[in-house]
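Notes for the one structure printed next.
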Amino acid sequence: MASPFDRLMDTARPHLPGAIDTAIKQELFMVCHTFFNMSDTWREDIDFVSVAGSKEADVMPFAGRILRLLSVEQNGVPVRGATMKNVMDGIISLPYEAGGADNYKAKVSLTVTDPASRDAYPIIPYEIAQRYQDVLLHGLLAHMLAQPSKPYTNLSLAQFYLLKFKGGIDREGGAAGGK
């Protein structure tokens with residue numbers, strides 16, 4: 001099965017005469033990072049168990065890197081005051097010590113991370129790449145068309161696609177309950 005990024009690349013190439021695929025893929029990574037950081041559209045629920053007497057627990061997403069902790073639940077009940085001071089270490093601080101091996105669920109917002117896939121595409125869930133393909137294409141074209149002194153440089157079109165990209169972020173971020 002072809003990647004949604006294959007279709008995106010095929011759609012972008014005619015707009016970017018002379019652009020090499022490596023450069024396009026590099027910009028695609030940055031566009032994905034910006035999109036997920038600004039919209040919170042890539043979310044994952046991570047189950048975790050606390051250790052008795054501890055106020056901390058580790059969480060690790062299946063793919064991607066945690067941007068922020070959105071919520072924590074214990075048996076379906078929201079845990080108020082749970083925080084994640086440093087998303088890089090994935091440690092959740094609970095507002096109280098766990099009484100036993102309690103089951104929790106953390107909802108986190110994610111973004112792309114290195115390494116990329118073997119074909120150098122960002123690693124994101126297929127459904128997300130497919131759903132937001134148009135928004136990502138607009139961001140990619142905005143980034144590429146704004147590069148100076150390239151055969152495809154076109155600042156007017158770059159601005160046009162940047163506005164479409166930002167509109168997509170706003171629309172999708174609002175739908176996902178993002179920022």
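Chain labels run A, B, ... following the order of the structure tokens; each chain numbers its residues from 1, and ligands are numbered from 1 in the order shown.
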* Asked: Using only C-alpha atoms, which residues sit within 9 Å of Gln130 in chain A once same-chain residues fewer than 3 positions away are excluded, as a list in words?
  ->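 Residues meeting the cut-off are Ser3, Pro4, Phe5, Pro125, Tyr126, Glu127, Gln133 and Asp134 of chain A.
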Store the residues picked out above, limited to C-alpha atoms, as a CSV table (one decimal), in the first residue's frame.
```csv
chain,number,residue,atom,x,y,z
A,3,SER,CA,1.9,6.0,1.8
A,4,PRO,CA,-0.3,9.1,1.9
A,5,PHE,CA,3.0,10.9,1.6
A,125,PRO,CA,-0.4,7.2,11.9
A,126,TYR,CA,-1.7,6.5,8.4
A,127,GLU,CA,-5.2,7.8,9.2
A,133,GLN,CA,-3.1,15.6,3.6
A,134,ASP,CA,-4.4,18.9,2.2
```
* **For Pro151 in chain A: contacts at 8 Å, only C-alpha atoms, fewer than 3 positions along chain excluded, given as a list in words** => Leu16, Pro17 and Gly18 of chain A
* Determine, counting only C-alpha atoms, which protein, DNA and RNA residues have an atom within 7 Å of an atom of range 161-171 of chain A; residues of the same chain fewer than 5 positions away are not included. Present the result as a ChimeraX atom specification. => /A:35,38-39,135,138-139,141-142
Write the residues of the selection above to a file with all heavy atoms, as a PDB file, in the first residue's frame.
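Saved file selection-v1.pdb follows:
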```pdb
ATOM      1  N   PHE A  35       2.562  21.655  12.283  1.00  0.00           N
ATOM      2  CA  PHE A  35       1.136  21.357  12.292  1.00  0.00           C
ATOM      3  C   PHE A  35       0.710  20.690  13.601  1.00  0.00           C
ATOM      4  O   PHE A  35      -0.250  21.122  14.245  1.00  0.00           O
ATOM      5  CB  PHE A  35       0.775  20.465  11.100  1.00  0.00           C
ATOM      6  CG  PHE A  35      -0.668  20.043  11.093  1.00  0.00           C
ATOM      7  CD1 PHE A  35      -1.672  20.968  10.844  1.00  0.00           C
ATOM      8  CD2 PHE A  35      -1.023  18.731  11.326  1.00  0.00           C
ATOM      9  CE1 PHE A  35      -3.006  20.586  10.832  1.00  0.00           C
ATOM     10  CE2 PHE A  35      -2.348  18.335  11.318  1.00  0.00           C
ATOM     11  CZ  PHE A  35      -3.341  19.266  11.075  1.00  0.00           C
ATOM     12  N   MET A  38       1.016  23.056  16.690  1.00  0.00           N
ATOM     13  CA  MET A  38       0.040  24.144  16.747  1.00  0.00           C
ATOM     14  C   MET A  38      -1.406  23.657  16.866  1.00  0.00           C
ATOM     15  O   MET A  38      -2.270  24.418  17.276  1.00  0.00           O
ATOM     16  CB  MET A  38       0.174  25.022  15.501  1.00  0.00           C
ATOM     17  CG  MET A  38       1.553  25.582  15.261  1.00  0.00           C
ATOM     18  SD  MET A  38       1.967  27.045  16.179  1.00  0.00           S
ATOM     19  CE  MET A  38       0.749  28.180  15.682  1.00  0.00           C
ATOM     20  N   SER A  39      -1.678  22.411  16.495  1.00  0.00           N
ATOM     21  CA  SER A  39      -3.074  21.959  16.440  1.00  0.00           C
ATOM     22  C   SER A  39      -3.463  20.899  17.467  1.00  0.00           C
ATOM     23  O   SER A  39      -4.653  20.703  17.712  1.00  0.00           O
ATOM     24  CB  SER A  39      -3.381  21.402  15.041  1.00  0.00           C
ATOM     25  OG  SER A  39      -2.685  20.182  14.822  1.00  0.00           O
ATOM     26  N   VAL A 135      -3.911  19.976   4.277  1.00  0.00           N
ATOM     27  CA  VAL A 135      -3.285  20.987   5.145  1.00  0.00           C
ATOM     28  C   VAL A 135      -1.766  20.840   5.093  1.00  0.00           C
ATOM     29  O   VAL A 135      -1.041  21.834   4.978  1.00  0.00           O
ATOM     30  CB  VAL A 135      -3.790  20.862   6.594  1.00  0.00           C
ATOM     31  CG1 VAL A 135      -3.099  21.871   7.497  1.00  0.00           C
ATOM     32  CG2 VAL A 135      -5.294  21.030   6.663  1.00  0.00           C
ATOM     33  N   HIS A 138      -0.426  22.200   1.831  1.00  0.00           N
ATOM     34  CA  HIS A 138      -0.367  23.670   1.833  1.00  0.00           C
ATOM     35  C   HIS A 138       0.857  24.157   2.606  1.00  0.00           C
ATOM     36  O   HIS A 138       1.541  25.098   2.173  1.00  0.00           O
ATOM     37  CB  HIS A 138      -1.643  24.260   2.422  1.00  0.00           C
ATOM     38  CG  HIS A 138      -2.852  23.947   1.608  1.00  0.00           C
ATOM     39  ND1 HIS A 138      -4.096  23.816   2.157  1.00  0.00           N
ATOM     40  CD2 HIS A 138      -3.015  23.709   0.281  1.00  0.00           C
ATOM     41  CE1 HIS A 138      -4.975  23.529   1.212  1.00  0.00           C
ATOM     42  NE2 HIS A 138      -4.337  23.454   0.070  1.00  0.00           N
ATOM     43  N   GLY A 139       1.141  23.555   3.737  1.00  0.00           N
ATOM     44  CA  GLY A 139       2.319  23.935   4.508  1.00  0.00           C
ATOM     45  C   GLY A 139       3.607  23.642   3.761  1.00  0.00           C
ATOM     46  O   GLY A 139       4.546  24.446   3.757  1.00  0.00           O
ATOM     47  N   LEU A 141       4.040  23.416   0.472  1.00  0.00           N
ATOM     48  CA  LEU A 141       4.200  24.372  -0.631  1.00  0.00           C
ATOM     49  C   LEU A 141       4.606  25.749  -0.110  1.00  0.00           C
ATOM     50  O   LEU A 141       5.447  26.423  -0.725  1.00  0.00           O
ATOM     51  CB  LEU A 141       2.918  24.444  -1.458  1.00  0.00           C
ATOM     52  CG  LEU A 141       2.602  23.188  -2.274  1.00  0.00           C
ATOM     53  CD1 LEU A 141       1.241  23.307  -2.945  1.00  0.00           C
ATOM     54  CD2 LEU A 141       3.701  22.887  -3.281  1.00  0.00           C
ATOM     55  N   ALA A 142       4.034  26.171   1.011  1.00  0.00           N
ATOM     56  CA  ALA A 142       4.409  27.468   1.590  1.00  0.00           C
ATOM     57  C   ALA A 142       5.893  27.493   1.933  1.00  0.00           C
ATOM     58  O   ALA A 142       6.601  28.460   1.613  1.00  0.00           O
ATOM     59  CB  ALA A 142       3.573  27.758   2.833  1.00  0.00           C
TER      60      ALA A 142
END
```
* Pairwise distance for CA of Asp45 in chain A and CA of Val108 in chain A, rounded to one decimal in Å ->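 Computing it gives 6.5 Å between the two atoms.
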* To do: From a DSSP calculation on the backbone, collect every residue of range 26-91 of chain A in helix (DSSP H, G or I) and output the set as an NGL selection string.
  => :A and (26-39)
* Structure fact -> Counting only C-alpha atoms, the residue among A:Glu73, A:Asp21, A:Glu27, A:Glu44 that lies closest to Ile124 in chain A is A:Glu44
* One-decimal distance in Å that lies between CA of Thr22 in chain A and CA of Asn154 in chain A -> 19.9 Å
Exercise: Val51 in chain A partners within 12 Å, only C-alpha atoms, chain neighbours under 4 positions left out, as a PDB file with N, CA and C atoms, in the first residue's frame:
```
ATOM      1  N   LYS A  55       4.391   9.409  43.667  1.00  0.00           N
ATOM      2  CA  LYS A  55       3.613  10.480  43.045  1.00  0.00           C
ATOM      3  C   LYS A  55       3.986  10.646  41.573  1.00  0.00           C
ATOM      4  N   GLU A  56       4.809   9.723  41.045  1.00  0.00           N
ATOM      5  CA  GLU A  56       5.263   9.836  39.671  1.00  0.00           C
ATOM      6  C   GLU A  56       5.073   8.533  38.918  1.00  0.00           C
ATOM      7  N   ALA A  57       4.929   8.663  37.596  1.00  0.00           N
ATOM      8  CA  ALA A  57       4.816   7.502  36.725  1.00  0.00           C
ATOM      9  C   ALA A  57       5.383   7.853  35.360  1.00  0.00           C
ATOM     10  N   ASP A  58       5.951   6.860  34.686  1.00  0.00           N
ATOM     11  CA  ASP A  58       6.516   7.051  33.354  1.00  0.00           C
ATOM     12  C   ASP A  58       5.494   6.676  32.294  1.00  0.00           C
ATOM     13  N   LEU A  94       1.749  13.117  39.814  1.00  0.00           N
ATOM     14  CA  LEU A  94       0.373  13.059  40.308  1.00  0.00           C
ATOM     15  C   LEU A  94       0.233  13.952  41.531  1.00  0.00           C
ATOM     16  N   TYR A  96      -1.114  13.338  44.299  1.00  0.00           N
ATOM     17  CA  TYR A  96      -1.148  12.568  45.547  1.00  0.00           C
ATOM     18  C   TYR A  96      -0.407  11.255  45.350  1.00  0.00           C
ATOM     19  N   GLU A  97      -0.008  10.646  46.443  1.00  0.00           N
ATOM     20  CA  GLU A  97       0.660   9.347  46.370  1.00  0.00           C
ATOM     21  C   GLU A  97      -0.348   8.259  46.060  1.00  0.00           C
ATOM     22  N   ALA A  98       0.070   7.350  45.211  1.00  0.00           N
ATOM     23  CA  ALA A  98      -0.803   6.226  44.870  1.00  0.00           C
ATOM     24  C   ALA A  98      -0.895   5.276  46.064  1.00  0.00           C
ATOM     25  N   GLY A  99      -2.108   4.781  46.284  1.00  0.00           N
ATOM     26  CA  GLY A  99      -2.308   3.856  47.401  1.00  0.00           C
ATOM     27  C   GLY A  99      -1.892   2.443  47.074  1.00  0.00           C
ATOM     28  N   GLY A 100      -1.934   2.088  45.826  1.00  0.00           N
ATOM     29  CA  GLY A 100      -1.557   0.746  45.380  1.00  0.00           C
ATOM     30  C   GLY A 100      -1.219   0.826  43.913  1.00  0.00           C
ATOM     31  N   ALA A 101      -1.284  -0.291  43.233  1.00  0.00           N
ATOM     32  CA  ALA A 101      -1.027  -0.309  41.799  1.00  0.00           C
ATOM     33  C   ALA A 101      -2.300   0.164  41.095  1.00  0.00           C
ATOM     34  N   ASP A 102      -2.462   1.491  41.031  1.00  0.00           N
ATOM     35  CA  ASP A 102      -3.659   2.076  40.439  1.00  0.00           C
ATOM     36  C   ASP A 102      -3.499   2.240  38.924  1.00  0.00           C
ATOM     37  N   ASN A 103      -4.591   2.007  38.200  1.00  0.00           N
ATOM     38  CA  ASN A 103      -4.590   2.148  36.746  1.00  0.00           C
ATOM     39  C   ASN A 103      -4.999   3.563  36.352  1.00  0.00           C
ATOM     40  N   TYR A 104      -4.216   4.149  35.442  1.00  0.00           N
ATOM     41  CA  TYR A 104      -4.464   5.498  34.966  1.00  0.00           C
ATOM     42  C   TYR A 104      -4.432   5.507  33.434  1.00  0.00           C
TER      43      TYR A 104
END
```
* Asked: For Ala146 in chain A, which residue out of A:Met84, A:Ala23, A:Ala158, A:Leu110 is the nearest one, using only C-alpha atoms?
  -> A:Ala158
Selection near Arg68 in chain A, 12 Å with only C-alpha atoms, sequence-local residues under 2 positions removed, as an mmCIF file with N, CA and C atoms, in the first residue's frame:
```
data_model
loop_
_atom_site.group_PDB
_atom_site.id
_atom_site.type_symbol
_atom_site.label_atom_id
_atom_site.label_comp_id
_atom_site.auth_asym_id
_atom_site.auth_seq_id
_atom_site.Cartn_x
_atom_site.Cartn_y
_atom_site.Cartn_z
ATOM 1 N N PHE A 36 1.425 19.662 14.024
ATOM 2 C CA PHE A 36 1.033 18.957 15.250
ATOM 3 C C PHE A 36 1.266 19.816 16.490
ATOM 4 N N ASN A 37 2.324 20.603 16.497
ATOM 5 C CA ASN A 37 2.597 21.477 17.638
ATOM 6 C C ASN A 37 1.515 22.543 17.804
ATOM 7 N N MET A 38 1.016 23.056 16.690
ATOM 8 C CA MET A 38 0.040 24.144 16.747
ATOM 9 C C MET A 38 -1.406 23.657 16.866
ATOM 10 N N SER A 39 -1.678 22.411 16.495
ATOM 11 C CA SER A 39 -3.074 21.959 16.440
ATOM 12 C C SER A 39 -3.463 20.899 17.467
ATOM 13 N N ASP A 40 -2.507 20.191 18.035
ATOM 14 C CA ASP A 40 -2.805 19.083 18.960
ATOM 15 C C ASP A 40 -3.702 18.019 18.323
ATOM 16 N N THR A 41 -3.597 17.824 17.021
ATOM 17 C CA THR A 41 -4.471 16.856 16.355
ATOM 18 C C THR A 41 -4.013 15.415 16.503
ATOM 19 N N TRP A 42 -2.744 15.185 16.771
ATOM 20 C CA TRP A 42 -2.249 13.817 16.969
ATOM 21 C C TRP A 42 -2.243 13.565 18.470
ATOM 22 N N ARG A 43 -3.171 12.748 18.886
ATOM 23 C CA ARG A 43 -3.323 12.443 20.314
ATOM 24 C C ARG A 43 -3.255 10.942 20.541
ATOM 25 N N GLU A 44 -2.826 10.589 21.724
ATOM 26 C CA GLU A 44 -2.772 9.177 22.085
ATOM 27 C C GLU A 44 -3.146 9.028 23.553
ATOM 28 N N VAL A 59 5.464 7.459 31.215
ATOM 29 C CA VAL A 59 4.641 7.126 30.051
ATOM 30 C C VAL A 59 5.496 7.248 28.795
ATOM 31 N N PRO A 61 4.892 7.060 24.430
ATOM 32 C CA PRO A 61 3.980 6.853 23.306
ATOM 33 C C PRO A 61 4.482 5.737 22.399
ATOM 34 N N ARG A 65 6.766 11.974 19.571
ATOM 35 C CA ARG A 65 7.299 12.572 20.797
ATOM 36 C C ARG A 65 6.186 13.357 21.466
ATOM 37 N N ILE A 66 6.107 13.251 22.776
ATOM 38 C CA ILE A 66 5.078 13.958 23.530
ATOM 39 C C ILE A 66 5.346 15.458 23.484
ATOM 40 N N LEU A 70 -2.399 16.354 28.102
ATOM 41 C CA LEU A 70 -3.708 16.990 27.972
ATOM 42 C C LEU A 70 -4.613 16.659 29.149
ATOM 43 N N SER A 71 -4.552 15.419 29.633
ATOM 44 C CA SER A 71 -5.376 15.039 30.783
ATOM 45 C C SER A 71 -4.905 13.700 31.340
ATOM 46 N N VAL A 72 -5.325 13.425 32.570
ATOM 47 C CA VAL A 72 -5.081 12.131 33.222
ATOM 48 C C VAL A 72 -6.385 11.691 33.860
ATOM 49 N N ALA A 82 -2.589 16.801 37.824
ATOM 50 C CA ALA A 82 -1.514 15.984 37.251
ATOM 51 C C ALA A 82 -0.742 16.847 36.257
ATOM 52 N N THR A 83 0.579 16.748 36.280
ATOM 53 C CA THR A 83 1.428 17.555 35.403
ATOM 54 C C THR A 83 2.534 16.702 34.795
ATOM 55 N N MET A 84 3.137 17.261 33.776
ATOM 56 C CA MET A 84 4.319 16.666 33.156
ATOM 57 C C MET A 84 5.298 17.806 32.969
ATOM 58 N N LYS A 85 6.239 17.948 33.893
ATOM 59 C CA LYS A 85 7.151 19.092 33.889
ATOM 60 C C LYS A 85 8.071 19.079 32.683
ATOM 61 N N ASN A 86 8.596 17.927 32.339
ATOM 62 C CA ASN A 86 9.518 17.803 31.214
ATOM 63 C C ASN A 86 9.003 16.693 30.309
ATOM 64 N N VAL A 87 8.406 17.066 29.196
ATOM 65 C CA VAL A 87 7.823 16.068 28.308
ATOM 66 C C VAL A 87 8.866 15.126 27.732
ATOM 67 N N MET A 88 10.123 15.547 27.700
ATOM 68 C CA MET A 88 11.173 14.693 27.145
ATOM 69 C C MET A 88 11.396 13.443 27.986
ATOM 70 N N ASP A 89 11.195 13.539 29.301
ATOM 71 C CA ASP A 89 11.416 12.352 30.129
ATOM 72 C C ASP A 89 10.154 11.521 30.328
ATOM 73 N N GLY A 90 8.979 12.063 29.953
ATOM 74 C CA GLY A 90 7.737 11.300 30.017
ATOM 75 C C GLY A 90 7.275 10.953 31.418
ATOM 76 N N ILE A 91 7.661 11.743 32.409
ATOM 77 C CA ILE A 91 7.271 11.465 33.791
ATOM 78 C C ILE A 91 6.090 12.344 34.179
ATOM 79 N N ILE A 92 5.016 11.679 34.575
ATOM 80 C CA ILE A 92 3.817 12.377 35.033
ATOM 81 C C ILE A 92 3.888 12.498 36.546
ATOM 82 N N ALA A 106 -3.359 8.475 30.492
ATOM 83 C CA ALA A 106 -2.904 9.825 30.153
ATOM 84 C C ALA A 106 -3.242 10.098 28.694
ATOM 85 N N LYS A 107 -3.828 11.246 28.429
ATOM 86 C CA LYS A 107 -4.042 11.688 27.044
ATOM 87 C C LYS A 107 -2.959 12.714 26.757
ATOM 88 N N VAL A 108 -2.169 12.432 25.717
ATOM 89 C CA VAL A 108 -1.064 13.312 25.356
ATOM 90 C C VAL A 108 -1.202 13.764 23.911
ATOM 91 N N SER A 109 -0.603 14.904 23.613
ATOM 92 C CA SER A 109 -0.496 15.423 22.263
ATOM 93 C C SER A 109 0.901 15.074 21.768
ATOM 94 N N LEU A 110 0.992 14.640 20.502
ATOM 95 C CA LEU A 110 2.270 14.160 19.960
ATOM 96 C C LEU A 110 2.699 14.950 18.732
ATOM 97 N N THR A 111 3.978 14.841 18.411
ATOM 98 C CA THR A 111 4.529 15.377 17.172
ATOM 99 C C THR A 111 5.523 14.382 16.602
ATOM 100 N N GLY A 178 -7.643 21.775 20.330
ATOM 101 C CA GLY A 178 -6.275 22.236 20.526
ATOM 102 C C GLY A 178 -6.212 23.681 20.938
ATOM 103 N N LYS A 179 -5.008 24.245 20.793
ATOM 104 C CA LYS A 179 -4.746 25.606 21.237
ATOM 105 C C LYS A 179 -5.438 26.625 20.369
#
```
* Structure fact -> Between CA of Pro148 in chain A and CA of His15 in chain A lies a distance of 15.4 Å
